[in-house]
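Enquirer: What follows is model37.pdb, PDB, N, CA and C atoms.
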ATOM      1  N   MET A  15     176.998 104.198  92.675
ATOM      2  CA  MET A  15     176.683 103.294  91.595
ATOM      3  C   MET A  15     175.232 102.810  91.708
ATOM      4  N   GLN A  16     174.472 103.472  92.485
ATOM      5  CA  GLN A  16     173.075 103.079  92.671
ATOM      6  C   GLN A  16     172.290 103.243  91.366
ATOM      7  N   ASP A  17     171.401 102.330  91.087
ATOM      8  CA  ASP A  17     170.541 102.352  89.893
ATOM      9  C   ASP A  17     171.339 102.269  88.591
ATOM     10  N   LYS A  18     172.492 101.663  88.626
ATOM     11  CA  LYS A  18     173.324 101.486  87.431
ATOM     12  C   LYS A  18     173.369 100.002  87.078
ATOM     13  N   LEU A  19     173.564  99.713  85.807
ATOM     14  CA  LEU A  19     173.684  98.342  85.325
ATOM     15  C   LEU A  19     175.083  98.124  84.774
ATOM     16  N   GLU A  20     175.582  96.906  84.914
ATOM     17  CA  GLU A  20     176.885  96.559  84.356
ATOM     18  C   GLU A  20     176.688  95.404  83.385
ATOM     19  N   PHE A  21     177.276  95.531  82.199
ATOM     20  CA  PHE A  21     177.175  94.505  81.179
ATOM     21  C   PHE A  21     178.564  94.025  80.805
ATOM     22  N   GLY A  22     178.663  92.766  80.429
ATOM     23  CA  GLY A  22     179.908  92.223  79.900
ATOM     24  C   GLY A  22     179.727  91.965  78.414
ATOM     25  N   LEU A  23     180.781  92.090  77.665
ATOM     26  CA  LEU A  23     180.728  91.878  76.223
ATOM     27  C   LEU A  23     181.893  91.002  75.813
ATOM     28  N   LYS A  24     181.589  89.964  75.067
ATOM     29  CA  LYS A  24     182.631  89.079  74.554
ATOM     30  C   LYS A  24     182.533  89.109  73.034
ATOM     31  N   VAL A  25     183.642  89.404  72.381
ATOM     32  CA  VAL A  25     183.666  89.496  70.929
ATOM     33  C   VAL A  25     184.565  88.397  70.383
ATOM     34  N   LEU A  26     184.028  87.626  69.457
ATOM     35  CA  LEU A  26     184.798  86.589  68.791
ATOM     36  C   LEU A  26     184.973  87.009  67.346
ATOM     37  N   TRP A  27     186.208  86.982  66.836
ATOM     38  CA  TRP A  27     186.456  87.429  65.470
ATOM     39  C   TRP A  27     187.633  86.678  64.885
ATOM     40  N   ASP A  28     187.656  86.645  63.591
ATOM     41  CA  ASP A  28     188.746  86.016  62.853
ATOM     42  C   ASP A  28     189.771  87.103  62.549
ATOM     43  N   ARG A  29     190.885  87.105  63.294
ATOM     44  CA  ARG A  29     191.886  88.166  63.170
ATOM     45  C   ARG A  29     192.371  88.331  61.738
ATOM     46  N   ASP A  30     192.694  87.227  61.065
ATOM     47  CA  ASP A  30     193.221  87.311  59.706
ATOM     48  C   ASP A  30     192.210  87.934  58.743
ATOM     49  N   GLU A  31     190.944  87.570  58.917
ATOM     50  CA  GLU A  31     189.905  88.134  58.052
ATOM     51  C   GLU A  31     189.751  89.641  58.273
ATOM     52  N   ILE A  32     189.798  90.069  59.522
ATOM     53  CA  ILE A  32     189.690  91.497  59.846
ATOM     54  C   ILE A  32     190.891  92.257  59.285
ATOM     55  N   VAL A  33     192.086  91.706  59.433
ATOM     56  CA  VAL A  33     193.291  92.358  58.914
ATOM     57  C   VAL A  33     193.196  92.511  57.398
ATOM     58  N   ARG A  34     192.749  91.457  56.710
ATOM     59  CA  ARG A  34     192.593  91.542  55.247
ATOM     60  C   ARG A  34     191.597  92.632  54.861
ATOM     61  N   ALA A  35     190.493  92.714  55.584
ATOM     62  CA  ALA A  35     189.474  93.734  55.286
ATOM     63  C   ALA A  35     190.046  95.134  55.502
ATOM     64  N   ILE A  36     190.793  95.332  56.575
ATOM     65  CA  ILE A  36     191.388  96.642  56.854
ATOM     66  C   ILE A  36     192.395  97.011  55.767
ATOM     67  N   GLU A  37     193.220  96.041  55.371
ATOM     68  CA  GLU A  37     194.209  96.297  54.310
ATOM     69  C   GLU A  37     193.529  96.717  53.007
ATOM     70  N   GLN A  38     192.414  96.075  52.677
ATOM     71  CA  GLN A  38     191.714  96.390  51.432
ATOM     72  C   GLN A  38     191.098  97.781  51.485
ATOM     73  N   GLU A  39     190.682  98.209  52.674
ATOM     74  CA  GLU A  39     190.021  99.504  52.815
ATOM     75  C   GLU A  39     190.999 100.669  52.916
ATOM     76  N   ASP A  40     192.202 100.419  53.385
ATOM     77  CA  ASP A  40     193.129 101.521  53.675
ATOM     78  C   ASP A  40     194.498 101.248  53.044
ATOM     79  N   GLU A  41     194.829 101.997  52.016
ATOM     80  CA  GLU A  41     196.093 101.819  51.292
ATOM     81  C   GLU A  41     197.295 102.084  52.203
ATOM     82  N   ASP A  42     197.168 103.039  53.143
ATOM     83  CA  ASP A  42     198.276 103.321  54.062
ATOM     84  C   ASP A  42     198.581 102.109  54.941
ATOM     85  N   ILE A  43     197.549 101.432  55.405
ATOM     86  CA  ILE A  43     197.744 100.243  56.231
ATOM     87  C   ILE A  43     198.403  99.139  55.400
ATOM     88  N   HIS A  44     197.950  98.967  54.181
ATOM     89  CA  HIS A  44     198.545  97.961  53.294
ATOM     90  C   HIS A  44     200.035  98.258  53.077
ATOM     91  N   ARG A  45     200.359  99.519  52.811
ATOM     92  CA  ARG A  45     201.749  99.919  52.609
ATOM     93  C   ARG A  45     202.565  99.692  53.883
ATOM     94  N   LEU A  46     201.985 100.031  55.035
ATOM     95  CA  LEU A  46     202.673  99.856  56.309
ATOM     96  C   LEU A  46     202.970  98.375  56.564
ATOM     97  N   LYS A  47     202.012  97.495  56.292
ATOM     98  CA  LYS A  47     202.248  96.062  56.480
ATOM     99  C   LYS A  47     203.364  95.580  55.565
ATOM    100  N   THR A  48     203.382  96.072  54.328
ATOM    101  CA  THR A  48     204.435  95.687  53.392
ATOM    102  C   THR A  48     205.799  96.129  53.910
ATOM    103  N   GLU A  49     205.873  97.351  54.428
ATOM    104  CA  GLU A  49     207.134  97.849  54.993
ATOM    105  C   GLU A  49     207.572  97.008  56.183
ATOM    106  N   ILE A  50     206.629  96.689  57.053
ATOM    107  CA  ILE A  50     206.944  95.918  58.257
ATOM    108  C   ILE A  50     207.481  94.548  57.886
ATOM    109  N   SER A  51     206.803  93.877  56.943
ATOM    110  CA  SER A  51     207.246  92.532  56.598
ATOM    111  C   SER A  51     208.593  92.519  55.911
ATOM    112  N   SER A  52     209.009  93.646  55.328
ATOM    113  CA  SER A  52     210.307  93.658  54.660
ATOM    114  C   SER A  52     211.448  93.970  55.635
ATOM    115  N   GLN A  53     211.125  94.402  56.856
ATOM    116  CA  GLN A  53     212.139  94.739  57.849
ATOM    117  C   GLN A  53     212.600  93.487  58.574
ATOM    118  N   LYS A  54     213.825  93.526  59.083
ATOM    119  CA  LYS A  54     214.363  92.423  59.874
ATOM    120  C   LYS A  54     214.579  92.901  61.298
ATOM    121  N   GLY A  55     214.406  91.998  62.241
ATOM    122  CA  GLY A  55     214.649  92.323  63.638
ATOM    123  C   GLY A  55     213.657  93.322  64.178
ATOM    124  N   SER A  56     214.112  94.161  65.103
ATOM    125  CA  SER A  56     213.220  95.113  65.763
ATOM    126  C   SER A  56     213.261  96.492  65.115
ATOM    127  N   THR A  57     213.835  96.607  63.915
ATOM    128  CA  THR A  57     213.966  97.917  63.275
ATOM    129  C   THR A  57     212.637  98.609  63.117
ATOM    130  N   TYR A  58     211.630  97.879  62.693
ATOM    131  CA  TYR A  58     210.343  98.539  62.462
ATOM    132  C   TYR A  58     209.718  99.020  63.754
ATOM    133  N   PHE A  59     210.023  98.371  64.907
ATOM    134  CA  PHE A  59     209.502  98.873  66.168
ATOM    135  C   PHE A  59     210.129 100.225  66.502
ATOM    136  N   ALA A  60     211.413 100.356  66.256
ATOM    137  CA  ALA A  60     212.094 101.627  66.524
ATOM    138  C   ALA A  60     211.519 102.724  65.643
ATOM    139  N   ARG A  61     211.283 102.410  64.366
ATOM    140  CA  ARG A  61     210.704 103.404  63.465
ATOM    141  C   ARG A  61     209.274 103.729  63.861
ATOM    142  N   GLY A  62     208.546 102.738  64.419
ATOM    143  CA  GLY A  62     207.156 102.943  64.803
ATOM    144  C   GLY A  62     206.987 103.925  65.940
ATOM    145  N   CYS A  63     208.031 104.117  66.737
ATOM    146  CA  CYS A  63     207.937 105.056  67.857
ATOM    147  C   CYS A  63     207.699 106.478  67.383
ATOM    148  N   ASP A  64     208.122 106.806  66.165
ATOM    149  CA  ASP A  64     207.915 108.143  65.631
ATOM    150  C   ASP A  64     206.558 108.271  64.937
ATOM    151  N   ALA A  65     205.877 107.159  64.764
ATOM    152  CA  ALA A  65     204.599 107.173  64.066
ATOM    153  C   ALA A  65     203.496 107.650  65.004
ATOM    154  N   PRO A  66     202.410 108.209  64.427
ATOM    155  CA  PRO A  66     201.267 108.601  65.263
ATOM    156  C   PRO A  66     200.697 107.369  65.972
ATOM    157  N   PRO A  67     200.004 107.561  67.104
ATOM    158  CA  PRO A  67     199.494 106.427  67.878
ATOM    159  C   PRO A  67     198.627 105.464  67.060
ATOM    160  N   ASP A  68     197.797 105.977  66.160
ATOM    161  CA  ASP A  68     196.953 105.069  65.389
ATOM    162  C   ASP A  68     197.790 104.189  64.470
ATOM    163  N   ARG A  69     198.885 104.714  63.951
ATOM    164  CA  ARG A  69     199.785 103.906  63.112
ATOM    165  C   ARG A  69     200.502 102.859  63.944
ATOM    166  N   ARG A  70     200.901 103.214  65.176
ATOM    167  CA  ARG A  70     201.573 102.238  66.030
ATOM    168  C   ARG A  70     200.625 101.099  66.369
ATOM    169  N   ARG A  71     199.351 101.421  66.663
ATOM    170  CA  ARG A  71     198.374 100.372  66.945
ATOM    171  C   ARG A  71     198.176  99.487  65.723
ATOM    172  N   ALA A  72     198.097 100.094  64.551
ATOM    173  CA  ALA A  72     197.921  99.310  63.319
ATOM    174  C   ALA A  72     199.120  98.407  63.083
ATOM    175  N   ALA A  73     200.312  98.934  63.302
ATOM    176  CA  ALA A  73     201.520  98.131  63.107
ATOM    177  C   ALA A  73     201.543  96.955  64.068
ATOM    178  N   ALA A  74     201.149  97.195  65.319
ATOM    179  CA  ALA A  74     201.131  96.120  66.301
ATOM    180  C   ALA A  74     200.120  95.054  65.906
ATOM    181  N   ALA A  75     198.949  95.485  65.459
ATOM    182  CA  ALA A  75     197.910  94.526  65.045
ATOM    183  C   ALA A  75     198.366  93.714  63.841
ATOM    184  N   LEU A  76     198.983  94.365  62.900
ATOM    185  CA  LEU A  76     199.386  93.676  61.679
ATOM    186  C   LEU A  76     200.566  92.751  61.905
ATOM    187  N   SER A  77     201.382  93.056  62.900
ATOM    188  CA  SER A  77     202.523  92.196  63.169
ATOM    189  C   SER A  77     202.180  91.077  64.146
ATOM    190  N   GLY A  78     200.962  91.108  64.660
ATOM    191  CA  GLY A  78     200.540  90.070  65.584
ATOM    192  C   GLY A  78     200.944  90.330  67.016
ATOM    193  N   ALA A  79     201.465  91.514  67.298
ATOM    194  CA  ALA A  79     201.907  91.832  68.663
ATOM    195  C   ALA A  79     200.728  92.140  69.554
TER     196      ALA A  79
END
Have the structure of the file written as structure tokens, please.
Expert:
Amino acid sequence: MQDKLEFGLKVLWDRDEIVRAIEQEDEDIHRLKTEISSQKGSTYFARGCDAPPDRRRAAAALSGA
């Protein structure tokens, strides 16, 4: 690690504002959030296991997990 530098980065953001911006930009994300909010219990988590990794991350972000 000789002659290397290490930096730290702290990011502050408004989660709700970012989620709204993502929903406006991507119709699939908007549809996914609508589906998630209409589900009860852990059903949407079970369905999310079959989704591609980027969809699972989006679902987790939108559900607040």
Enquirer: What is the atom CA of His44 of chain A to atom CA of Val25 of chain A distance in Å?
Expert: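 About the pair atom CA of His44 of chain A and atom CA of Val25 of chain A: they are 24.6 Å apart.
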Enquirer: Grab the atom N of Glu37 of chain A to atom C of Gln53 of chain A distance for me, in Å with one decimal place.
Expert: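 Atom C of Gln53 of chain A lies 19.8 Å from atom N of Glu37 of chain A.
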Enquirer: Work out how far atom C of Ala35 of chain A is from atom C of Leu23 of chain A, in Å to one decimal.
Expert: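 Those two atoms sit 22.3 Å apart.
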